[in-house]
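The data block below is work_18.pdb; it holds PDB, C-alpha atoms.
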```pdb
ATOM      1  CA  MET A   1     -15.401  28.281  24.533
ATOM      2  CA  SER A   2     -18.723  28.249  22.710
ATOM      3  CA  VAL A   3     -21.510  30.655  23.616
ATOM      4  CA  GLU A   4     -24.507  28.979  25.273
ATOM      5  CA  GLY A   5     -26.914  27.755  22.639
ATOM      6  CA  THR A   6     -24.291  27.523  19.895
ATOM      7  CA  THR A   7     -22.207  24.639  18.600
ATOM      8  CA  THR A   8     -18.468  24.708  18.099
ATOM      9  CA  VAL A   9     -17.522  22.819  14.947
ATOM     10  CA  VAL A  10     -14.259  20.921  15.355
ATOM     11  CA  PRO A  11     -12.743  19.887  12.009
ATOM     12  CA  VAL A  12     -12.002  16.186  11.749
ATOM     13  CA  GLN A  13      -8.465  15.525  10.558
ATOM     14  CA  PRO A  14      -8.204  12.803   7.903
ATOM     15  CA  PRO A  15      -6.246   9.721   9.014
ATOM     16  CA  GLN A  16      -2.505   9.750   8.333
ATOM     17  CA  PRO A  17       0.334   7.227   8.683
ATOM     18  CA  ASN A  18       2.443   7.422  11.810
ATOM     19  CA  ALA A  19       5.894   9.038  11.629
ATOM     20  CA  VAL A  20       7.743   5.820  10.801
ATOM     21  CA  ASP A  21       5.368   4.663   8.079
ATOM     22  CA  LYS A  22       5.214   8.139   6.591
ATOM     23  CA  LYS A  23       9.010   8.348   6.453
ATOM     24  CA  VAL A  24       9.256   5.101   4.475
ATOM     25  CA  LEU A  25       6.347   5.787   2.128
ATOM     26  CA  CYS A  26       7.314   9.398   1.508
ATOM     27  CA  SER A  27      10.906   8.378   0.732
ATOM     28  CA  ALA A  28       9.620   6.178  -2.082
ATOM     29  CA  MET A  29       7.054   8.737  -3.214
ATOM     30  CA  CYS A  30       9.523  11.627  -3.396
ATOM     31  CA  GLN A  31      12.145   9.578  -5.233
ATOM     32  CA  CYS A  32       9.594   8.321  -7.761
ATOM     33  CA  HIS A  33       8.220  11.785  -8.334
ATOM     34  CA  ALA A  34      11.731  13.008  -9.160
ATOM     35  CA  GLN A  35      12.949   9.900 -11.014
ATOM     36  CA  PRO A  36       9.967   7.799 -12.148
ATOM     37  CA  LYS A  37      10.072   4.676 -14.251
ATOM     38  CA  LEU A  38       9.587   5.439 -17.929
ATOM     39  CA  GLY A  39       7.037   3.572 -19.984
ATOM     40  CA  ALA A  40       6.059   3.556 -23.631
ATOM     41  CA  LYS A  41       6.391   6.935 -25.348
ATOM     42  CA  GLY A  42       8.138   8.355 -22.296
ATOM     43  CA  ARG A  43       5.195   7.935 -19.898
ATOM     44  CA  ARG A  44       6.256   8.703 -16.317
ATOM     45  CA  LEU A  45       5.174   5.683 -14.283
ATOM     46  CA  LYS A  46       5.309   7.072 -10.766
ATOM     47  CA  GLN A  47       2.933   4.608  -9.099
ATOM     48  CA  GLU A  48       4.738   1.672 -10.708
ATOM     49  CA  CYS A  49       8.028   3.085  -9.411
ATOM     50  CA  VAL A  50       6.691   3.254  -5.839
ATOM     51  CA  ALA A  51       5.373  -0.292  -6.062
ATOM     52  CA  ALA A  52       8.705  -1.599  -7.390
ATOM     53  CA  ARG A  53      10.656  -0.010  -4.520
ATOM     54  CA  LEU A  54       8.338  -1.319  -1.817
ATOM     55  CA  GLN A  55       8.229  -4.757  -3.439
ATOM     56  CA  ALA A  56      12.037  -4.810  -3.422
ATOM     57  CA  LEU A  57      11.916  -4.003   0.282
ATOM     58  CA  ASP A  58       9.452  -6.841   0.883
ATOM     59  CA  THR A  59      11.623  -9.290  -1.051
ATOM     60  CA  ALA A  60      14.741  -8.226   0.877
ATOM     61  CA  MET A  61      12.862  -8.913   4.112
ATOM     62  CA  ASP A  62      11.735 -12.401   3.007
ATOM     63  CA  HIS A  63       8.229 -11.075   2.328
ATOM     64  CA  MET A  64       7.833  -9.901   5.897
ATOM     65  CA  SER A  65       7.924  -6.168   5.337
ATOM     66  CA  PRO A  66       5.038  -4.308   6.981
ATOM     67  CA  TYR A  67       4.448  -2.559   3.622
ATOM     68  CA  LYS A  68       2.618  -4.641   1.013
ATOM     69  CA  ALA A  69       2.505  -2.908  -2.381
ATOM     70  CA  GLU A  70      -0.280  -3.681  -4.864
ATOM     71  CA  TYR A  71      -1.667  -6.861  -3.345
ATOM     72  CA  THR A  72      -4.834  -7.947  -5.147
ATOM     73  CA  TYR A  73      -8.042  -8.523  -3.162
ATOM     74  CA  ASP A  74     -11.051 -10.651  -4.030
ATOM     75  CA  MET A  75     -13.944  -8.218  -3.607
ATOM     76  CA  THR A  76     -16.557 -10.979  -3.933
ATOM     77  CA  LYS A  77     -15.655 -12.143  -0.411
ATOM     78  CA  ARG A  78     -16.903 -10.690   2.884
ATOM     79  CA  PRO A  79     -14.523  -9.300   4.008
ATOM     80  CA  PRO A  80     -12.394  -8.974   0.863
ATOM     81  CA  MET A  81      -9.552 -11.497   0.837
ATOM     82  CA  PRO A  82      -6.029 -11.145  -0.580
ATOM     83  CA  PHE A  83      -4.768 -13.600  -3.175
ATOM     84  CA  MET A  84      -1.694 -15.168  -1.608
ATOM     85  CA  ASP A  85       1.150 -17.393  -2.754
ATOM     86  CA  LYS A  86       0.554 -21.103  -2.130
ATOM     87  CA  THR A  87       3.888 -21.705  -0.413
ATOM     88  CA  ILE A  88       4.764 -18.355   1.204
ATOM     89  CA  PRO A  89       1.843 -17.145   3.365
ATOM     90  CA  THR A  90       3.060 -13.524   3.488
ATOM     91  CA  LYS A  91       3.698 -13.175  -0.266
ATOM     92  CA  GLY A  92       1.076 -11.964  -2.706
ATOM     93  CA  TYR A  93       0.069 -14.128  -5.651
ATOM     94  CA  THR A  94       2.020 -13.333  -8.829
ATOM     95  CA  PHE A  95      -0.530 -12.783 -11.578
ATOM     96  CA  PHE A  96      -0.418 -13.747 -15.226
ATOM     97  CA  PHE A  97      -3.756 -12.147 -15.887
ATOM     98  CA  ARG A  98      -5.272 -14.167 -18.713
ATOM     99  CA  GLY A  99      -4.185 -17.526 -17.323
ATOM    100  CA  TRP A 100      -5.317 -16.515 -13.853
ATOM    101  CA  THR A 101      -8.806 -15.467 -14.961
ATOM    102  CA  LEU A 102      -9.237 -18.720 -16.871
ATOM    103  CA  LYS A 103      -7.752 -21.111 -14.306
ATOM    104  CA  VAL A 104      -7.706 -19.650 -10.802
ATOM    105  CA  TRP A 105     -10.874 -17.551 -10.735
ATOM    106  CA  PRO A 106     -13.288 -20.349 -11.801
ATOM    107  CA  LYS A 107     -12.055 -22.694  -9.050
ATOM    108  CA  ASP A 108     -14.394 -20.969  -6.604
ATOM    109  CA  PRO A 109     -18.011 -21.483  -7.779
ATOM    110  CA  GLU A 110     -19.205 -18.755  -5.397
ATOM    111  CA  ARG A 111     -17.472 -16.114  -7.519
ATOM    112  CA  PRO A 112     -19.280 -14.501 -10.469
ATOM    113  CA  GLN A 113     -18.544 -16.534 -13.583
ATOM    114  CA  PRO A 114     -16.763 -15.854 -15.831
ATOM    115  CA  TYR A 115     -14.357 -13.166 -14.661
ATOM    116  CA  VAL A 116     -15.204  -9.859 -16.346
ATOM    117  CA  PRO A 117     -12.641  -7.004 -16.246
ATOM    118  CA  ASN A 118     -13.628  -3.613 -14.836
ATOM    119  CA  MET A 119     -16.569  -4.997 -12.861
ATOM    120  CA  GLY A 120     -14.965  -4.427  -9.452
ATOM    121  CA  TYR A 121     -14.451  -8.127  -8.749
ATOM    122  CA  THR A 122     -10.888  -7.373  -7.653
ATOM    123  CA  ARG A 123      -9.088  -4.330  -6.244
ATOM    124  CA  ARG A 124      -5.404  -3.558  -5.815
ATOM    125  CA  PRO A 125      -4.641  -0.799  -3.253
ATOM    126  CA  ASP A 126      -1.308   0.990  -3.522
ATOM    127  CA  VAL A 127      -0.058  -0.123  -0.098
ATOM    128  CA  ILE A 128      -1.328  -2.231   2.782
ATOM    129  CA  ILE A 129       0.416  -1.639   6.119
ATOM    130  CA  VAL A 130       0.060  -4.744   8.253
ATOM    131  CA  LYS A 131       0.054  -5.031  12.024
ATOM    132  CA  ASP A 132       2.052  -8.260  12.068
ATOM    133  CA  PRO A 133       4.366  -8.774   9.042
ATOM    134  CA  THR A 134       4.649 -12.493   9.806
ATOM    135  CA  LYS A 135       0.978 -12.928   8.853
ATOM    136  CA  PRO A 136      -0.925 -12.318   5.589
ATOM    137  CA  PRO A 137      -2.703  -8.970   5.031
ATOM    138  CA  THR A 138      -6.213 -10.153   5.858
ATOM    139  CA  GLN A 139      -8.572  -7.559   7.309
ATOM    140  CA  ASP A 140      -7.865  -8.527  10.929
ATOM    141  CA  ASN A 141      -4.154  -7.834  10.274
ATOM    142  CA  ILE A 142      -4.558  -4.549   8.392
ATOM    143  CA  LYS A 143      -3.280  -1.480  10.161
ATOM    144  CA  GLN A 144      -3.950   0.907   7.263
ATOM    145  CA  VAL A 145      -4.754   0.913   3.570
ATOM    146  CA  VAL A 146      -2.741   3.706   1.935
ATOM    147  CA  GLU A 147      -3.497   5.312  -1.415
ATOM    148  CA  MET A 148      -0.524   7.360  -2.585
ATOM    149  CA  LYS A 149      -1.791  10.203  -4.756
ATOM    150  CA  PHE A 150       0.471  12.137  -7.087
ATOM    151  CA  PRO A 151      -0.789  15.425  -8.592
ATOM    152  CA  ASP A 152      -3.804  15.009 -10.901
ATOM    153  CA  ASP A 153      -4.506  11.581  -9.407
ATOM    154  CA  ASP A 154      -7.743  10.829  -7.567
ATOM    155  CA  TYR A 155     -10.121   7.997  -6.679
ATOM    156  CA  VAL A 156     -12.155   6.626  -9.576
ATOM    157  CA  GLY A 157     -15.696   5.287  -9.364
ATOM    158  CA  ASP A 158     -16.228   3.006  -6.356
ATOM    159  CA  GLN A 159     -12.502   2.731  -5.666
ATOM    160  CA  ARG A 160     -12.529   4.631  -2.361
ATOM    161  CA  GLN A 161     -15.539   2.749  -0.999
ATOM    162  CA  ASP A 162     -14.003  -0.576  -1.986
ATOM    163  CA  TYR A 163     -10.776   0.313  -0.193
ATOM    164  CA  ILE A 164     -12.783   1.087   2.941
ATOM    165  CA  ARG A 165     -14.301  -2.387   2.622
ATOM    166  CA  ILE A 166     -10.788  -3.867   2.472
ATOM    167  CA  ALA A 167      -9.619  -1.784   5.455
ATOM    168  CA  GLY A 168     -12.737  -2.612   7.473
ATOM    169  CA  ASP A 169     -13.169   0.980   8.668
ATOM    170  CA  GLU A 170     -13.025   4.384   7.014
ATOM    171  CA  ARG A 171     -10.541   5.467   9.702
ATOM    172  CA  ASN A 172      -8.093   2.867   8.387
ATOM    173  CA  LEU A 173      -8.007   4.311   4.863
ATOM    174  CA  VAL A 174      -5.231   6.879   4.360
ATOM    175  CA  THR A 175      -4.839   9.150   1.355
ATOM    176  CA  LEU A 176      -1.183  10.183   1.252
ATOM    177  CA  LYS A 177      -0.662  13.099  -1.125
ATOM    178  CA  LEU A 178       2.691  14.165  -2.483
ATOM    179  CA  GLU A 179       2.462  17.616  -0.886
ATOM    180  CA  ALA A 180       2.283  15.968   2.555
ATOM    181  CA  CYS A 181       5.728  14.423   2.034
ATOM    182  CA  ASP A 182       7.842  17.608   2.038
ATOM    183  CA  CYS A 183       9.924  16.413  -0.903
ATOM    184  CA  ASN A 184      11.843  19.696  -0.990
ATOM    185  CA  GLN A 185      14.058  18.497   1.848
ATOM    186  CA  PRO A 186      17.446  17.829   0.159
ATOM    187  CA  GLU A 187      18.417  14.865   2.318
ATOM    188  CA  PRO A 188      15.570  13.345   4.346
ATOM    189  CA  LYS A 189      16.909  11.812   7.533
ATOM    190  CA  PRO A 190      16.182   8.197   8.442
ATOM    191  CA  PRO A 191      13.951   7.841  11.506
ATOM    192  CA  LYS A 192      15.788   7.505  14.833
ATOM    193  CA  ILE A 193      13.351   5.135  16.480
ATOM    194  CA  PRO A 194      13.451   1.612  17.940
ATOM    195  CA  VAL A 195      13.736  -1.070  15.266
ATOM    196  CA  GLU A 196      10.714  -2.890  16.718
ATOM    197  CA  GLN A 197       8.443  -0.041  15.675
ATOM    198  CA  ILE A 198       9.283  -0.593  11.996
ATOM    199  CA  GLY A 199       8.309  -4.266  12.018
ATOM    200  CA  LYS A 200       9.320  -7.535  13.601
ATOM    201  CA  ALA A 201      11.305  -8.595  10.538
ATOM    202  CA  ALA A 202      13.098  -5.294   9.955
ATOM    203  CA  VAL A 203      16.783  -5.156  10.733
ATOM    204  CA  GLY A 204      17.039  -1.385  10.921
ATOM    205  CA  ALA A 205      15.728   1.904   9.648
ATOM    206  CA  SER A 206      18.889   2.432   7.620
ATOM    207  CA  ILE A 207      18.229  -0.705   5.536
ATOM    208  CA  ILE A 208      14.687   0.433   4.783
ATOM    209  CA  TYR A 209      16.073   3.821   3.790
ATOM    210  CA  MET A 210      18.703   2.342   1.482
ATOM    211  CA  ILE A 211      16.322  -0.049  -0.273
ATOM    212  CA  VAL A 212      13.588   2.534  -0.777
ATOM    213  CA  THR A 213      15.847   5.395  -1.872
ATOM    214  CA  LYS A 214      18.659   3.282  -3.388
ATOM    215  CA  ARG A 215      21.358   5.344  -1.689
ATOM    216  CA  PRO A 216      23.259   5.221   1.638
ATOM    217  CA  PRO A 217      21.580   6.869   4.612
ATOM    218  CA  PRO A 218      22.890  10.413   5.222
ATOM    219  CA  GLY A 219      25.013  10.648   8.351
ATOM    220  CA  GLY A 220      25.551   6.897   8.609
ATOM    221  CA  VAL A 221      23.457   4.391  10.513
ATOM    222  CA  PRO A 222      20.885   6.021  12.829
ATOM    223  CA  ALA A 223      21.205   5.732  16.601
ATOM    224  CA  TYR A 224      18.648   3.589  18.439
TER     225      TYR A 224
END
```
In structure tokens, write the structure found in this file.
Amino acid sequence: MSVEGTTTVVPVQPPQPNAVDKKVLCSAMCQCHAQPKLGAKGRRLKQECVAARLQALDTAMDHMSPYKAEYTYDMTKRPPMPFMDKTIPTKGYTFFFRGWTLKVWPKDPERPQPYVPNMGYTRRPDVIIVKDPTKPPTQDNIKQVVEMKFPDDDYVGDQRQDYIRIAGDERNLVTLKLEACDCNQPEPKPPKIPVEQIGKAAVGASIIYMIVTKRPPPGGVPAY
């Protein structure tokens, strides 16, 4: 208890993913930290590795995974809007950058013209967790925006503030650092929770585990 006339300062814990979301995201993060994609001159592409695994999960679930990796948002809109596929409402637009900036961007006269790189016109968060995976990741359907930070990685410029704009609330922006994932566990166990908590389109925690880690779940299929 505080002494009369004094104030007790209670530290505010930064927002974190729930246990299910953290299990899935950390599985990808730990695997990509240990075995990243390799780029030119041996560059270790950890973020690209995470995106590829979560995109594979989304494709396997007919683009109805709750985890949307590297979807691009139009920051000239209020609120920012995701660029979506014309035929599949839950799939992000596949970019061919030069053609897109010359053909797609100018179609909206309300956007700054022409498109200029590095001006903050667009942003691409690491992961968007949606509330309803059968709907696009517009702000009213965003559960959390997650930035997955490996060592020596941090927000740059207005990046953090722009991600808050996408999320709609600072409490919906999560910074997931590698040290929070407990990657030293030799065989992380798949979550034993109801399938419905993973997402309406998910067919089981074991499938998420296998796609993200690319190996069978330890101990077989989890009990529900």
Taking the file as shown, what set of residues would the PyMOL selection byres ((chain A and resi 91) around 9) give back, as an MDAnalysis selection string? chainID A and resid 58:59 62:64 68 71 83:90 92:94 136
For the structure provided, state which residues fall under the PyMOL selection byres ((chain A and resi 49) around 10), and present them as a PyMOL selection string. chain A and resi 28-29+31-33+35-38+44-48+50-55
So, with only C-alpha atoms as the atoms that count, which of A:Ala69, A:Ala19, A:Ala167, A:Leu102 lies closest to Ala180 of chain A?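 Nearest candidate to Ala180 of chain A out of A:Ala69, A:Ala19, A:Ala167, A:Leu102: A:Ala19.
Once segment 125-135 of chain A and its same-chain neighbours fewer than 2 positions away are set aside, Met64, Ser65, Pro66, Tyr67, Lys68, Ala69, Glu70, Tyr71, Pro89, Thr90, Arg123, Pro137, Asn141, Ile142, Lys143, Gln144, Val145, Val146, Glu147, Met148, Tyr163, Gly199 and Lys200 of chain A remain within 7 Å of it when counting all atoms listed in the file.
Using all atoms listed in the file, the smallest distance between any of A:Asp158, A:Asp153, A:Glu179, A:Asp74 and Asp108 of chain A comes from A:Asp74.
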Please measure the separation of atom CA of Asn172 of chain A and atom CA of Arg111 of chain A, giving the value in Å to one decimal.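 Result for atom CA of Asn172 of chain A versus atom CA of Arg111 of chain A: 26.5 Å, one decimal.
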